[in-house]
Amino acid sequence: VKIITFLTDFGLKDGYVAQMKAVALNISNAKLVDITHEINPHNVFQGAYILRTCVPFFPQGSVHVAIIDPGVGTNRRGIVISAGKHILVGPDNGLLLPVSHYFGDFIVYKIENEKFMKSSISQTFHGRDIFSPIAAHISNGISIEEIGSRITDFVDLDFGVYERKGNIIVGKIIHIDRFGNIITNISGDIILSNFNYNNEILIYVLDKTIKVPFVSSYGFIAKGKLLATIGSGNLFEIAINQGQAARKLSVKEQNKIEIILN
Amino acid sequence: VKIITFLTDFGLKDGYVAQMKAVALNISNAKLVDITHEINPHNVFQGAYILRTCVPFFPQGSVHVAIIDPGVGTNRRGIVISAGKHILVGPDNGLLLPVSHYFGDFIVYKIENEKFMKSSISQTFHGRDIFSPIAAHISNGISIEEIGSRITDFVDLDFGVYERKGNIIVGKIIHIDRFGNIITNISGDIILSNFNYNNEILIYVLDKTIKVPFVSSYGFIAKGKLLATIGSGNLFEIAINQGQAARKLSVKEQNKIEIILN
Amino acid sequence: VKIITFLTDFGLKDGYVAQMKAVALNISNAKLVDITHEINPHNVFQGAYILRTCVPFFPQGSVHVAIIDPGVGTNRRGIVISAGKHILVGPDNGLLLPVSHYFGDFIVYKIENEKFMKSSISQTFHGRDIFSPIAAHISNGISIEEIGSRITDFVDLDFGVYERKGNIIVGKIIHIDRFGNIITNISGDIILSNFNYNNEILIYVLDKTIKVPFVSSYGFIAKGKLLATIGSGNLFEIAINQGQAARKLSVKEQNKIEIILN
């Protein structure tokens with residue numbers, strides 16, 4: 001089954017997402033799947049994070065269109081990336097790179113061939129006029145080599161790697177989800193090799209030290225209480241059982257998090 | 001045509017819904033249909049109501065995944081219910097029960113067979129790792145008996161039944177929709193057997209008595225005015241034509257509503 | 001490939017959209033595509049605008065259900081319109097007309113034949129009980145003539161035409177999108193025939209005159225600064241690069257916009 005996914009910051013109240021899908025449906029009968037359209041406007045980092053966490057679960061051969069594109073219509077390039085038997089299509093601003101790095105080997109192509117674009121191209125909506133039709137043609141089986149030439153000077157992006165400094169792990173917050181769960185770039189593995197479930201973990205964040213029980217899931221802690229756990233993306237996270245941890249701690253994406261090892 | 005529906009409290013800004021769908025698409029080519037992902041976080045009652053109102057409209061043979069799951073990763077069980085030629089998959093916390101009772105006969109199975117789960121299972125996201133792949137396998141035709149054994153000690157839930165006390169019908173608010181319409185658990189039938197359209201109905205709610213015209217639809221009353229009607233789920237509801245009745249009356253889900261019969 | 005699209009003001013937190021889709025899926029295996037469900041409640045004008053901007057991009061033969069329907073259950077009629085090899089289904093309140101006019105020739109039919117409706121029809125939800133099943137039957141190939149008879153006294157709606165008064169173009173704001181971009185009913189063509197990119201444009205709006213650089217896309221202007229451009233619908237728009245122009249200028253849909261020609 002052919003699949004094209006969509007991730008944008010377009011929201012769902014306007015017609016932009018529907019226009020992109022409509023254009024794709026003129027070319028391909030692929031199954032169209034929304035990843036999200038609620039990325040904060042122009043937040044490439046946040047879009048890259050969600051894309052990174054979703055793409056690997058889709059069947060190989062899926063084509064993923066991702067559009068967080070404040071530079072649309074300027075000289076920023078459009079790119080197609082082949083990574084891990086997935087195809088990624090979008091602007092050359094870093095958005096597609098974290099998931100590409102996750103897969104390891106990847107090849108980046110610059111979008112050049114107008115044959116696979118819409119016949120008339122607006123300057124403000126390349127998602128509809130360039131990226132979506134190209135994704136649909138690729139889903140139909142055209143070779144990526146026909147899209148354009150390989151490049152190596154693409155814009156890169158990563159979420160940063162946590163560091164170990166003596167008995168401290170220094171990481172940062174890379175996402176706050178709808179439940180207010182605070183997701184960090186600290187791997188679950190390093191936590192699990194230093195703590196047992198039901199231990200307490202000492203965390204330093206925004207000039208405050210908090211001591212939080214480490215559990216395997218939210219429901220092991222009383223409703224409304226802080227906890228630390230390994231989230232579904234195998235990353236260390238801080239949560240409140242049925243509450244909003246990010247609001248309680250007043251933290252934001254990109255804030256530093258330090259974990260004191262025993 | 002094979003159909004899998006999804007109802008969650010995950011929202012659409014994160015990647016959780018997409019991850020669930022991605023996992024299902026690795027197993028099945030069913031049509032994936034969203035019921036809603038905007039249930040208030042952890043509100044099992046609200047999710048159960050929306051599920052109850054939607055499932056019966058889908059074609060028989062549809063598989064419905066519903067995840068409002070504050071107890072994920074604890075000892076709460078996962079269940080599959082066969083009801084009215086529909087299959088329901090989700091946590092054993094009552095969420096799936098009101099629609100099951102609506103269908104009358106139903107059988108509940110405890111999820112046990114790991115063969116139909118993802119190979120690695122997180123402790124915080126069974127929607128993706130257990131419920132979605134099981135739904136996809138069932139949609140593909142595996143027998144429910146293969147999932148696990150029958151149980152009868154499942155967690156039950158109902159919306160309560162309105163009562164008749166003398167000349168008063170005592171019910172409660174079970175949902176407030178986006179239009180601010182106040183939907184009760186009082187059946188349209190008992191209202192229609194006691195009132196004619198264009199009568200006024202005396203309603204007692206939150207220590208106030210209001211007299212409201214009873215009409216067959218919103219547009220028969222002036223814009224901005226309160227009215228009573230029988231909603232599309234055949235339940236008694238209070239609304240404002242093109243306004244927000246719940247906000248005007250300051251009512252919430254679970255508030256008591258009394259109707260004084262003539 | 002058969003396509004049915006949906007545009008409503010139902011939002012995504014209730015089950016109304018899912019119920020409409022469920023009913024369609026009992027009849028047709030068409031691909032179901034959401035245009036949007038986030039039209040402001042009862043805002044026919046806004047719904048008509050989004051419908052107008054999306055429908056033309058879909059493949060010919062698509063069937064489009066649009067429901068902004070404050071008059072549901074009253075004597076307002078239901079209609080089906082054949083326009084530009086697209087089929088539109090919805091209430092007779094103007095919602096379907098702007099896109100019909102866009103296509104030029106169109107024929108309007110009154111919905112009469114109960115054979116293609118649900119067997120039991122609520123008075124408050126014709127989207128589910130009448131419009132969706134009729135769209136599904138049309139998508140399956142029944143002839144529109146079977147739905148009902150032609151009418152010419154339908155409710156009409158347009159977005160108004162901008163006027164040229166001496167050296168002033170007088171138009172209005174017809175949409176404000178999620179990015180805060182201010183979209184007007186002034187065609188890109190008249191702007192392009194009077195201004196070159198990188199000129200400044202003098203705009204009079206809400207008793208204020210502003211001078212704004214005219215550029216081919218948002219990113220040519222510093223972040224946070226006002227600009228004028230031709231949007232992806234070939235309409236004149238005012239925006240802020242990565243900001244919210246409508247909020248900055250405190251404008252609303254329907255406000256007058258005047259452009260002073262050189």
# chains A, B, ... in the order shown; residues from 1 in each chain; ligands from 1
$ residues_around --residues "Ile240 of chain B" --least-positions-apart "5" --cutoff "9 Å" --atoms "only C-alpha atoms" --output "ChimeraX atom specification"
/B:179-181,218,221-228,245-246,248
$ select_by_dssp --residues "segment 197-253 of chain B" --states "strand (DSSP E or B)" --output "compact mmCIF listing (two decimals) with C-alpha atoms, in the first residue's frame"
# COMPACT_ATOMS: atom_id res chain seq x y z
CA GLU B 200 -42.69 25.71 26.86
CA ILE B 201 -40.76 23.39 29.17
CA LEU B 202 -39.96 24.23 32.78
CA ILE B 203 -36.40 23.18 33.62
CA TYR B 204 -34.68 23.30 36.99
CA VAL B 205 -30.88 23.44 36.86
CA LYS B 208 -32.59 28.14 38.90
CA THR B 209 -35.85 27.53 37.09
CA ILE B 210 -35.97 28.44 33.43
CA LYS B 211 -38.86 28.28 31.00
CA VAL B 212 -37.72 27.36 27.54
CA PRO B 213 -39.59 26.88 24.26
CA PHE B 214 -39.50 23.30 22.93
CA LEU B 226 -32.55 29.59 24.69
CA LEU B 227 -34.49 26.61 23.40
CA ALA B 228 -35.03 22.92 24.15
CA THR B 229 -34.94 20.28 21.46
CA ILE B 230 -34.30 16.60 20.77
CA LEU B 235 -31.52 12.91 23.70
CA PHE B 236 -33.08 15.98 25.30
CA GLU B 237 -30.85 19.02 24.88
CA ILE B 238 -30.85 22.70 25.77
CA ALA B 239 -29.32 25.09 23.25
CA ILE B 240 -29.11 28.70 22.14
CA GLY B 243 -25.04 30.80 20.78
$ atom_distance --atom1 "atom CA of Gly231 of chain B" --atom2 "atom CA of Phe57 of chain B"
15.7 Å
$ interface_residues --of "chain A" --to "chain B" --cutoff "6 Å" --atoms "only C-alpha atoms" --output "number ranges by chain"
A: 35-36, 38, 50, 54, 57-59, 217, 219, 232
$ write_last_selection --atoms "C-alpha atoms" --output "JSON list (two decimals), in the first residue's frame"
[["chain", "number", "residue", "atom", "x", "y", "z"],
["A", 35, "ILE", "CA", 1.25, 13.39, 11.08],
["A", 36, "THR", "CA", 0.30, 16.79, 12.47],
["A", 38, "GLU", "CA", -0.39, 21.90, 14.63],
["A", 50, "ILE", "CA", 7.72, 15.24, 15.69],
["A", 54, "CYS", "CA", 6.90, 9.35, 13.70],
["A", 57, "PHE", "CA", 7.06, 3.69, 12.53],
["A", 58, "PHE", "CA", 5.64, 3.95, 9.01],
["A", 59, "PRO", "CA", 6.07, 1.16, 6.45],
["A", 217, "SER", "CA", 4.64, 4.53, 34.03],
["A", 219, "GLY", "CA", -0.16, 5.58, 37.06],
["A", 232, "SER", "CA", 7.54, 5.94, 24.53]]
$ select_by_dssp --residues "segment 121-196 of chain A" --states "helix (DSSP H, G or I)" --output "ChimeraX atom specification"
/A:126-139,144-146,188-192
$ residues_around --residues "segment 140-156 of chain C" --least-positions-apart "5" --cutoff "12 Å" --atoms "only C-alpha atoms" --output "PDB file with C-alpha atoms, in the first residue's frame"
ATOM      1  CA  VAL C   1     -10.335   7.197  -7.520  1.00  0.00           C
ATOM      2  CA  LYS C   2     -13.590   8.344  -5.895  1.00  0.00           C
ATOM      3  CA  ILE C   3     -13.280  11.242  -3.449  1.00  0.00           C
ATOM      4  CA  ILE C   4     -15.726  12.795  -0.989  1.00  0.00           C
ATOM      5  CA  ALA C  24     -20.956   7.655   3.973  1.00  0.00           C
ATOM      6  CA  LEU C  25     -18.843   4.528   4.506  1.00  0.00           C
ATOM      7  CA  ASN C  26     -21.969   2.392   4.729  1.00  0.00           C
ATOM      8  CA  ILE C  27     -22.736   3.414   1.159  1.00  0.00           C
ATOM      9  CA  SER C  28     -19.450   4.137  -0.589  1.00  0.00           C
ATOM     10  CA  ASN C  29     -15.802   3.146  -0.431  1.00  0.00           C
ATOM     11  CA  ALA C  30     -14.698   6.599  -1.631  1.00  0.00           C
ATOM     12  CA  LYS C  31     -11.610   8.234  -0.183  1.00  0.00           C
ATOM     13  CA  VAL C  44     -21.335  30.721   6.256  1.00  0.00           C
ATOM     14  CA  PHE C  45     -19.150  33.407   4.681  1.00  0.00           C
ATOM     15  CA  ALA C  48     -17.766  29.603   1.568  1.00  0.00           C
ATOM     16  CA  GLY C  61     -15.629  14.062 -10.264  1.00  0.00           C
ATOM     17  CA  SER C  62     -15.031  14.730  -6.573  1.00  0.00           C
ATOM     18  CA  VAL C  63     -18.093  15.213  -4.384  1.00  0.00           C
ATOM     19  CA  ARG C  76     -34.355  26.042   4.355  1.00  0.00           C
ATOM     20  CA  ARG C  77     -33.816  23.577   1.509  1.00  0.00           C
ATOM     21  CA  GLY C  78     -30.977  21.188   0.848  1.00  0.00           C
ATOM     22  CA  ILE C  79     -29.275  21.477  -2.531  1.00  0.00           C
ATOM     23  CA  VAL C  80     -26.868  19.712  -4.854  1.00  0.00           C
ATOM     24  CA  ILE C  81     -24.875  21.760  -7.359  1.00  0.00           C
ATOM     25  CA  SER C  82     -23.108  20.500 -10.443  1.00  0.00           C
ATOM     26  CA  ALA C  83     -20.275  22.903 -11.265  1.00  0.00           C
ATOM     27  CA  HIS C  86     -17.478  18.839  -9.310  1.00  0.00           C
ATOM     28  CA  ILE C  87     -20.552  18.059  -7.219  1.00  0.00           C
ATOM     29  CA  LEU C  88     -21.402  20.174  -4.162  1.00  0.00           C
ATOM     30  CA  VAL C  89     -23.882  19.066  -1.488  1.00  0.00           C
ATOM     31  CA  GLY C  90     -25.190  21.178   1.394  1.00  0.00           C
ATOM     32  CA  PRO C  91     -27.756  23.649   2.695  1.00  0.00           C
ATOM     33  CA  ASP C  92     -29.323  26.358   0.534  1.00  0.00           C
ATOM     34  CA  ASN C  93     -27.819  29.286   2.406  1.00  0.00           C
ATOM     35  CA  GLY C  94     -25.156  30.573   0.018  1.00  0.00           C
ATOM     36  CA  LEU C  95     -22.317  28.361   1.282  1.00  0.00           C
ATOM     37  CA  LEU C  96     -21.876  26.527  -2.030  1.00  0.00           C
ATOM     38  CA  LEU C  97     -22.288  29.529  -4.308  1.00  0.00           C
ATOM     39  CA  PRO C  98     -18.939  31.330  -4.454  1.00  0.00           C
ATOM     40  CA  VAL C  99     -17.143  28.230  -5.726  1.00  0.00           C
ATOM     41  CA  SER C 100     -20.006  27.566  -8.147  1.00  0.00           C
ATOM     42  CA  HIS C 101     -19.662  31.079  -9.585  1.00  0.00           C
ATOM     43  CA  PHE C 106     -23.539  25.490 -12.771  1.00  0.00           C
ATOM     44  CA  ILE C 107     -26.876  23.804 -12.141  1.00  0.00           C
ATOM     45  CA  VAL C 108     -28.660  23.744  -8.776  1.00  0.00           C
ATOM     46  CA  TYR C 109     -30.966  20.908  -7.715  1.00  0.00           C
ATOM     47  CA  LYS C 110     -33.246  20.857  -4.699  1.00  0.00           C
ATOM     48  CA  ILE C 111     -32.887  17.682  -2.603  1.00  0.00           C
ATOM     49  CA  GLU C 112     -36.201  15.831  -2.653  1.00  0.00           C
ATOM     50  CA  ASN C 113     -35.789  12.090  -3.120  1.00  0.00           C
ATOM     51  CA  GLU C 114     -35.879  10.418   0.312  1.00  0.00           C
ATOM     52  CA  LYS C 115     -34.584   7.182  -1.191  1.00  0.00           C
ATOM     53  CA  PHE C 116     -31.019   8.456  -0.865  1.00  0.00           C
ATOM     54  CA  MET C 117     -31.352   9.780   2.688  1.00  0.00           C
ATOM     55  CA  ILE C 130     -29.307  13.722   4.348  1.00  0.00           C
ATOM     56  CA  PHE C 131     -26.214  15.406   2.906  1.00  0.00           C
ATOM     57  CA  PRO C 133     -25.606   9.772   2.339  1.00  0.00           C
ATOM     58  CA  ILE C 134     -26.611  11.731  -0.770  1.00  0.00           C
ATOM     59  CA  ALA C 135     -22.981  12.599  -1.447  1.00  0.00           C
TER      60      ALA C 135
END
$ residues_around --residues "Leu261 of chain A" --least-positions-apart "5" --cutoff "9 Å" --atoms "only C-alpha atoms" --output "list in words"
Gly166, Asn167, Ile168, Ile169, Ile191, Asn194, Phe195, Ile201 and Leu202 of chain A
$ atom_distance --atom1 "atom CA of Ser132 of chain C" --atom2 "atom CA of Thr53 of chain C"
21.2 Å
$ atom_distance --atom1 "atom CA of Asn255 of chain A" --atom2 "atom CA of Ile174 of chain A"
8.2 Å
$ decode --residues "segment 168-216 of chain C" --atoms "C-alpha atoms" --output "tab-separated table (two decimals), in the first residue's frame"
chain	number	residue	atom	x	y	z
C	168	ILE	CA	-7.83	54.05	-5.34
C	169	ILE	CA	-8.65	50.37	-5.29
C	170	VAL	CA	-11.37	49.66	-2.73
C	171	GLY	CA	-11.66	46.10	-1.53
C	172	LYS	CA	-12.23	44.21	1.69
C	173	ILE	CA	-10.72	41.57	3.91
C	174	ILE	CA	-12.25	38.20	3.15
C	175	HIS	CA	-10.13	35.93	5.33
C	176	ILE	CA	-7.55	35.97	8.10
C	177	ASP	CA	-5.56	32.78	8.18
C	178	ARG	CA	-3.79	30.97	11.04
C	179	PHE	CA	-0.59	32.89	10.35
C	180	GLY	CA	-2.47	36.17	10.76
C	181	ASN	CA	-2.13	36.88	7.04
C	182	ILE	CA	-4.79	39.34	5.86
C	183	ILE	CA	-6.32	38.10	2.62
C	184	THR	CA	-8.37	40.55	0.54
C	185	ASN	CA	-10.74	40.28	-2.41
C	186	ILE	CA	-8.30	42.35	-4.53
C	187	SER	CA	-6.85	40.29	-7.35
C	188	GLY	CA	-3.15	39.82	-7.64
C	189	ASP	CA	-3.34	40.80	-11.30
C	190	ILE	CA	-4.42	44.41	-10.71
C	191	ILE	CA	-1.67	44.79	-8.12
C	192	LEU	CA	0.98	43.36	-10.41
C	193	SER	CA	-0.09	45.66	-13.22
C	194	ASN	CA	0.38	48.69	-10.95
C	195	PHE	CA	3.34	47.81	-8.74
C	196	ASN	CA	6.70	46.15	-9.10
C	197	TYR	CA	8.16	43.94	-6.42
C	198	ASN	CA	10.21	45.94	-3.93
C	199	ASN	CA	8.00	49.02	-4.45
C	200	GLU	CA	6.17	50.31	-1.42
C	201	ILE	CA	2.37	50.24	-1.40
C	202	LEU	CA	0.25	52.83	0.42
C	203	ILE	CA	-2.67	51.12	2.15
C	204	TYR	CA	-5.54	52.77	4.00
C	205	VAL	CA	-7.26	50.58	6.56
C	206	LEU	CA	-9.31	51.40	9.71
C	207	ASP	CA	-8.53	55.14	9.56
C	208	LYS	CA	-4.82	54.57	9.27
C	209	THR	CA	-2.45	54.83	6.34
C	210	ILE	CA	0.43	52.38	6.23
C	211	LYS	CA	3.28	52.11	3.76
C	212	VAL	CA	4.29	48.53	3.19
C	213	PRO	CA	6.96	46.94	0.97
C	214	PHE	CA	5.57	44.76	-1.81
C	215	VAL	CA	7.52	41.52	-2.17
C	216	SER	CA	7.07	38.15	-3.86
